[in-house]
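What follows is the content of input.json (JSON, C-alpha atoms).
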```
[["chain", "number", "residue", "atom", "x", "y", "z"],
["A", 233, "MET", "CA", -19.56, -10.62, 25.60],
["A", 234, "ARG", "CA", -21.70, -9.13, 28.31],
["A", 235, "PRO", "CA", -22.91, -5.52, 28.17],
["A", 236, "GLY", "CA", -20.53, -3.11, 29.84],
["A", 237, "MET", "CA", -17.50, -5.33, 29.28],
["A", 238, "ARG", "CA", -14.60, -3.97, 27.22],
["A", 239, "SER", "CA", -13.47, -5.92, 24.22],
["A", 240, "LYS", "CA", -9.88, -7.15, 24.18],
["A", 241, "VAL", "CA", -10.10, -7.36, 20.39],
["A", 242, "GLY", "CA", -10.32, -3.57, 20.10],
["A", 243, "ARG", "CA", -7.08, -3.14, 22.03],
["A", 244, "SER", "CA", -5.25, -5.72, 19.95],
["A", 245, "VAL", "CA", -6.45, -4.10, 16.72],
["A", 246, "PHE", "CA", -5.27, -0.70, 17.91],
["A", 247, "LEU", "CA", -1.93, -2.18, 18.96],
["A", 248, "CYS", "CA", -1.60, -3.89, 15.58],
["A", 249, "ILE", "CA", -2.17, -0.64, 13.71],
["A", 250, "LEU", "CA", 0.17, 1.27, 15.99],
["A", 251, "LEU", "CA", 2.96, -1.29, 15.57],
["A", 252, "ALA", "CA", 2.51, -1.42, 11.80],
["A", 253, "VAL", "CA", 2.80, 2.35, 11.47],
["A", 254, "ALA", "CA", 5.70, 2.63, 13.91],
["A", 255, "GLY", "CA", 7.60, -0.16, 12.18],
["A", 256, "LEU", "CA", 7.65, 1.50, 8.77],
["A", 257, "PRO", "CA", 10.98, 2.94, 7.75],
["A", 258, "ALA", "CA", 11.09, 6.68, 7.30],
["A", 259, "PHE", "CA", 10.88, 7.94, 3.74],
["A", 260, "PRO", "CA", 13.74, 10.12, 2.51],
["A", 261, "VAL", "CA", 11.56, 13.12, 1.67],
["A", 262, "SER", "CA", 11.55, 16.81, 2.36],
["A", 263, "ALA", "CA", 9.65, 18.34, 5.25],
["A", 264, "ALA", "CA", 6.98, 19.59, 2.83],
["A", 265, "ASN", "CA", 6.07, 16.00, 1.97],
["A", 266, "ASP", "CA", 5.99, 14.68, 5.55],
["A", 267, "VAL", "CA", 2.23, 15.15, 5.85],
["A", 268, "LYS", "CA", 1.61, 13.29, 2.61],
["A", 269, "GLU", "CA", 3.89, 10.44, 3.72],
["A", 270, "GLU", "CA", 2.03, 10.14, 7.01],
["A", 271, "GLU", "CA", -1.25, 10.06, 5.11],
["A", 272, "LEU", "CA", 0.12, 7.29, 2.87],
["A", 273, "ARG", "CA", 1.21, 5.27, 5.89],
["A", 274, "ALA", "CA", -2.23, 5.62, 7.44],
["A", 275, "GLU", "CA", -3.82, 4.67, 4.10],
["A", 276, "PHE", "CA", -1.64, 1.53, 3.90],
["A", 277, "VAL", "CA", -2.56, 0.46, 7.41],
["A", 278, "TYR", "CA", -6.26, 1.16, 6.88],
["A", 279, "ARG", "CA", -6.44, -0.74, 3.59],
["A", 280, "CYS", "CA", -4.36, -3.64, 4.88],
["A", 281, "TYR", "CA", -6.38, -3.88, 8.08],
["A", 282, "ASN", "CA", -9.58, -4.11, 6.04],
["A", 283, "VAL", "CA", -8.11, -6.70, 3.66],
["A", 284, "VAL", "CA", -6.06, -8.96, 5.96],
["A", 285, "GLY", "CA", -6.87, -7.75, 9.48],
["A", 286, "GLU", "CA", -8.49, -11.08, 10.32],
["A", 287, "PHE", "CA", -5.04, -12.69, 10.10],
["A", 288, "GLY", "CA", -3.62, -10.54, 12.86],
["A", 289, "SER", "CA", -0.86, -8.02, 13.18],
["A", 290, "GLU", "CA", 1.64, -10.11, 11.21],
["A", 291, "GLY", "CA", -0.67, -10.16, 8.19],
["A", 292, "VAL", "CA", -1.27, -6.42, 8.39],
["A", 293, "GLU", "CA", 2.43, -5.70, 8.79],
["A", 294, "ALA", "CA", 3.33, -7.89, 5.79],
["A", 295, "CYS", "CA", 0.65, -6.17, 3.71],
["A", 296, "VAL", "CA", 1.90, -2.70, 4.68],
["A", 297, "LYS", "CA", 5.48, -3.65, 3.81],
["A", 298, "GLY", "CA", 4.31, -5.03, 0.45],
["A", 299, "GLU", "CA", 2.40, -1.84, -0.35],
["A", 300, "LEU", "CA", 5.42, 0.28, 0.56],
["A", 301, "SER", "CA", 7.73, -1.86, -1.52],
["A", 302, "ALA", "CA", 5.43, -1.75, -4.55],
["A", 303, "MET", "CA", 5.03, 2.03, -4.29],
["A", 304, "GLN", "CA", 8.80, 2.50, -4.17],
["A", 305, "ALA", "CA", 9.31, 0.10, -7.10],
["A", 306, "LEU", "CA", 6.87, 2.05, -9.28],
["A", 307, "LYS", "CA", 9.04, 5.14, -8.86],
["A", 308, "GLY", "CA", 11.91, 3.28, -10.51],
["A", 309, "TYR", "CA", 10.25, 2.40, -13.82],
["A", 310, "PRO", "CA", 11.70, 4.03, -16.98],
["A", 311, "ARG", "CA", 10.10, 7.15, -18.45],
["A", 312, "GLU", "CA", 8.83, 5.16, -21.42],
["A", 313, "ALA", "CA", 6.50, 3.34, -19.04],
["A", 314, "GLY", "CA", 5.11, 6.59, -17.61],
["A", 315, "GLU", "CA", 1.76, 6.35, -19.39],
["A", 316, "ILE", "CA", 1.27, 2.77, -18.21],
["A", 317, "VAL", "CA", 2.25, 3.65, -14.63],
["A", 318, "GLN", "CA", -0.15, 6.60, -14.64],
["A", 319, "ARG", "CA", -3.04, 4.49, -15.93],
["A", 320, "CYS", "CA", -2.42, 1.63, -13.51],
["A", 321, "THR", "CA", -2.15, 3.92, -10.48],
["A", 322, "ARG", "CA", -5.41, 5.83, -11.08],
["A", 323, "GLN", "CA", -7.36, 3.48, -8.82],
["A", 324, "VAL", "CA", -4.57, 2.90, -6.30],
["A", 325, "GLN", "CA", -6.68, 4.06, -3.33],
["A", 326, "ILE", "CA", -9.07, 1.20, -4.06],
["A", 327, "THR", "CA", -6.83, -1.51, -5.43],
["A", 328, "GLY", "CA", -3.55, -0.86, -3.66],
["A", 329, "TRP", "CA", 0.03, -0.36, -4.81],
["A", 330, "GLU", "CA", 0.80, -4.05, -5.20],
["A", 331, "TRP", "CA", -2.03, -4.41, -7.70],
["A", 332, "ALA", "CA", -0.84, -1.29, -9.53],
["A", 333, "ARG", "CA", 2.67, -2.71, -9.79],
["A", 334, "ALA", "CA", 1.31, -6.02, -11.15],
["A", 335, "CYS", "CA", -0.75, -4.05, -13.69],
["A", 336, "VAL", "CA", 2.33, -2.13, -14.86],
["A", 337, "ASP", "CA", 4.46, -5.28, -15.09],
["A", 338, "LYS", "CA", 1.81, -7.08, -17.16],
["A", 339, "ASP", "CA", 1.27, -4.15, -19.51],
["A", 340, "ILE", "CA", 4.99, -3.63, -20.06],
["A", 341, "ALA", "CA", 5.40, -7.34, -20.83],
["A", 342, "ALA", "CA", 2.46, -7.18, -23.28],
["A", 343, "ARG", "CA", 3.97, -4.13, -24.99],
["A", 344, "GLU", "CA", 7.29, -5.93, -25.33],
["A", 345, "ARG", "CA", 5.55, -8.95, -26.91],
["A", 346, "LYS", "CA", 3.81, -6.67, -29.41],
["A", 347, "LYS", "CA", 7.15, -5.25, -30.51],
["A", 348, "ASP", "CA", 8.45, -8.72, -31.40]]
```
Entire entry expressed as structure tokens:
Amino acid sequence: MRPGMRSKVGRSVFLCILLAVAGLPAFPVSAANDVKEEELRAEFVYRCYNVVGEFGSEGVEACVKGELSAMQALKGYPREAGEIVQRCTRQVQITGWEWARACVDKDIAARERKKD
């Protein structure tokens, strides 16, 4: 690209991020948690853009939806798994919610095998 020319890639990246955030369903939370939810959405988009941004907006959108789904699923685990969930989500800002969910699932399965 020549100096002084604007990049079309920058616009498409911005549009991708905007569409990914706008396409997320609203969380059923109180007004006090709205800021945190917006921060989580931005975190999802940022992490997904860095991980799969090269695959375009569809890849980022799929990643964001996967992160959201995994985060919601972790809220539904039984209380007995609380310690495992807590341990696996310590590094969630780095590894992501999908990795944390996989960690919990594997540890619960290992615990169940030990009981047998």
> range 321-327 of chain A: which residues within 12 Å, counting all atoms listed in the file, same-chain residues fewer than 3 positions away excluded, as a VMD selection string?
Replying inline: chain A and resid 271 to 272 274 to 276 278 to 280 282 to 283 299 302 to 303 306 to 307 314 to 318 330 to 336
> What does the distance from CA of Glu312 in chain A to CA of Glu269 in chain A come to in Å, to one decimal?
Replying inline: 26.2 Å
>> Please report the interatomic distance between CA of Ala294 in chain A and CA of Ala313 in chain A in Å with one decimal.
In response: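 These atoms are spaced 27.4 Å apart.
The interatomic distance for the pair CA of Asp337 in chain A and CA of Glu293 in chain A works out to 24.0 Å.
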Emit as AutoDock Vina command-line options the padded axis-aligned box for all listed atoms of range 299-318 of chain A, 4 Å per side, with centre and edge lengths in Å to one decimal.
```
--center_x 5.9 --center_y 2.6 --center_z -10.4 --size_x 20.1 --size_y 17.0 --size_z 30.0
```
Could you add whatever atoms are missing so that range 284-295 of chain A carries all heavy atoms, then write the result as a PDB file, keeping the file's coordinate frame?
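File produced: out11.pdb:
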```
ATOM      1  N   VAL A 284      -6.654  -7.793   5.296  1.00  0.00           N
ATOM      2  CA  VAL A 284      -6.060  -8.960   5.960  1.00  0.00           C
ATOM      3  C   VAL A 284      -6.071  -8.860   7.478  1.00  0.00           C
ATOM      4  O   VAL A 284      -5.389  -9.635   8.143  1.00  0.00           O
ATOM      5  CB  VAL A 284      -4.616  -9.221   5.464  1.00  0.00           C
ATOM      6  CG1 VAL A 284      -4.578  -9.561   4.001  1.00  0.00           C
ATOM      7  CG2 VAL A 284      -3.715  -8.046   5.779  1.00  0.00           C
ATOM      8  N   GLY A 285      -6.840  -7.944   8.029  1.00  0.00           N
ATOM      9  CA  GLY A 285      -6.870  -7.750   9.480  1.00  0.00           C
ATOM     10  C   GLY A 285      -7.265  -8.999  10.253  1.00  0.00           C
ATOM     11  O   GLY A 285      -6.818  -9.211  11.384  1.00  0.00           O
ATOM     12  N   GLU A 286      -8.054  -9.852   9.637  1.00  0.00           N
ATOM     13  CA  GLU A 286      -8.490 -11.080  10.320  1.00  0.00           C
ATOM     14  C   GLU A 286      -7.335 -12.033  10.596  1.00  0.00           C
ATOM     15  O   GLU A 286      -7.445 -12.936  11.412  1.00  0.00           O
ATOM     16  CB  GLU A 286      -9.563 -11.781   9.492  1.00  0.00           C
ATOM     17  CG  GLU A 286      -9.049 -12.297   8.161  1.00  0.00           C
ATOM     18  CD  GLU A 286     -10.156 -12.792   7.255  1.00  0.00           C
ATOM     19  OE1 GLU A 286     -10.701 -11.964   6.507  1.00  0.00           O
ATOM     20  OE2 GLU A 286     -10.463 -13.995   7.308  1.00  0.00           O
ATOM     21  N   PHE A 287      -6.202 -11.832   9.915  1.00  0.00           N
ATOM     22  CA  PHE A 287      -5.040 -12.690  10.100  1.00  0.00           C
ATOM     23  C   PHE A 287      -4.073 -12.166  11.149  1.00  0.00           C
ATOM     24  O   PHE A 287      -3.000 -12.723  11.343  1.00  0.00           O
ATOM     25  CB  PHE A 287      -4.325 -12.913   8.767  1.00  0.00           C
ATOM     26  CG  PHE A 287      -5.217 -13.520   7.729  1.00  0.00           C
ATOM     27  CD1 PHE A 287      -5.622 -12.778   6.636  1.00  0.00           C
ATOM     28  CD2 PHE A 287      -5.681 -14.817   7.872  1.00  0.00           C
ATOM     29  CE1 PHE A 287      -6.463 -13.326   5.685  1.00  0.00           C
ATOM     30  CE2 PHE A 287      -6.522 -15.372   6.927  1.00  0.00           C
ATOM     31  CZ  PHE A 287      -6.917 -14.629   5.829  1.00  0.00           C
ATOM     32  N   GLY A 288      -4.423 -11.065  11.778  1.00  0.00           N
ATOM     33  CA  GLY A 288      -3.620 -10.540  12.860  1.00  0.00           C
ATOM     34  C   GLY A 288      -2.592  -9.512  12.438  1.00  0.00           C
ATOM     35  O   GLY A 288      -2.494  -9.136  11.268  1.00  0.00           O
ATOM     36  N   SER A 289      -1.814  -9.087  13.413  1.00  0.00           N
ATOM     37  CA  SER A 289      -0.860  -8.020  13.180  1.00  0.00           C
ATOM     38  C   SER A 289       0.226  -8.403  12.187  1.00  0.00           C
ATOM     39  O   SER A 289       0.707  -7.564  11.427  1.00  0.00           O
ATOM     40  CB  SER A 289      -0.227  -7.564  14.488  1.00  0.00           C
ATOM     41  OG  SER A 289       0.477  -8.634  15.096  1.00  0.00           O
ATOM     42  N   GLU A 290       0.609  -9.679  12.159  1.00  0.00           N
ATOM     43  CA  GLU A 290       1.640 -10.110  11.210  1.00  0.00           C
ATOM     44  C   GLU A 290       1.158  -9.958   9.773  1.00  0.00           C
ATOM     45  O   GLU A 290       1.902  -9.530   8.897  1.00  0.00           O
ATOM     46  CB  GLU A 290       2.067 -11.567  11.457  1.00  0.00           C
ATOM     47  CG  GLU A 290       2.767 -11.785  12.781  1.00  0.00           C
ATOM     48  CD  GLU A 290       1.794 -12.017  13.939  1.00  0.00           C
ATOM     49  OE1 GLU A 290       0.582 -12.252  13.693  1.00  0.00           O
ATOM     50  OE2 GLU A 290       2.236 -11.928  15.081  1.00  0.00           O
ATOM     51  N   GLY A 291      -0.094 -10.299   9.532  1.00  0.00           N
ATOM     52  CA  GLY A 291      -0.670 -10.160   8.190  1.00  0.00           C
ATOM     53  C   GLY A 291      -0.750  -8.699   7.774  1.00  0.00           C
ATOM     54  O   GLY A 291      -0.416  -8.348   6.637  1.00  0.00           O
ATOM     55  N   VAL A 292      -1.178  -7.845   8.696  1.00  0.00           N
ATOM     56  CA  VAL A 292      -1.270  -6.420   8.390  1.00  0.00           C
ATOM     57  C   VAL A 292       0.111  -5.846   8.138  1.00  0.00           C
ATOM     58  O   VAL A 292       0.320  -5.098   7.180  1.00  0.00           O
ATOM     59  CB  VAL A 292      -1.988  -5.654   9.528  1.00  0.00           C
ATOM     60  CG1 VAL A 292      -1.936  -4.146   9.285  1.00  0.00           C
ATOM     61  CG2 VAL A 292      -3.429  -6.115   9.659  1.00  0.00           C
ATOM     62  N   GLU A 293       1.073  -6.216   8.957  1.00  0.00           N
ATOM     63  CA  GLU A 293       2.430  -5.700   8.790  1.00  0.00           C
ATOM     64  C   GLU A 293       3.030  -6.146   7.448  1.00  0.00           C
ATOM     65  O   GLU A 293       3.653  -5.345   6.739  1.00  0.00           O
ATOM     66  CB  GLU A 293       3.329  -6.178   9.928  1.00  0.00           C
ATOM     67  CG  GLU A 293       4.704  -5.572   9.898  1.00  0.00           C
ATOM     68  CD  GLU A 293       5.543  -5.969  11.097  1.00  0.00           C
ATOM     69  OE1 GLU A 293       5.001  -6.461  12.093  1.00  0.00           O
ATOM     70  OE2 GLU A 293       6.760  -5.790  11.009  1.00  0.00           O
ATOM     71  N   ALA A 294       2.826  -7.397   7.076  1.00  0.00           N
ATOM     72  CA  ALA A 294       3.330  -7.890   5.790  1.00  0.00           C
ATOM     73  C   ALA A 294       2.670  -7.148   4.632  1.00  0.00           C
ATOM     74  O   ALA A 294       3.324  -6.798   3.642  1.00  0.00           O
ATOM     75  CB  ALA A 294       3.094  -9.393   5.670  1.00  0.00           C
ATOM     76  N   CYS A 295       1.385  -6.899   4.742  1.00  0.00           N
ATOM     77  CA  CYS A 295       0.650  -6.170   3.710  1.00  0.00           C
ATOM     78  C   CYS A 295       1.185  -4.744   3.577  1.00  0.00           C
ATOM     79  O   CYS A 295       1.424  -4.262   2.466  1.00  0.00           O
ATOM     80  CB  CYS A 295      -0.834  -6.162   4.048  1.00  0.00           C
ATOM     81  SG  CYS A 295      -1.861  -5.179   2.931  1.00  0.00           S
TER      82      CYS A 295
END
```
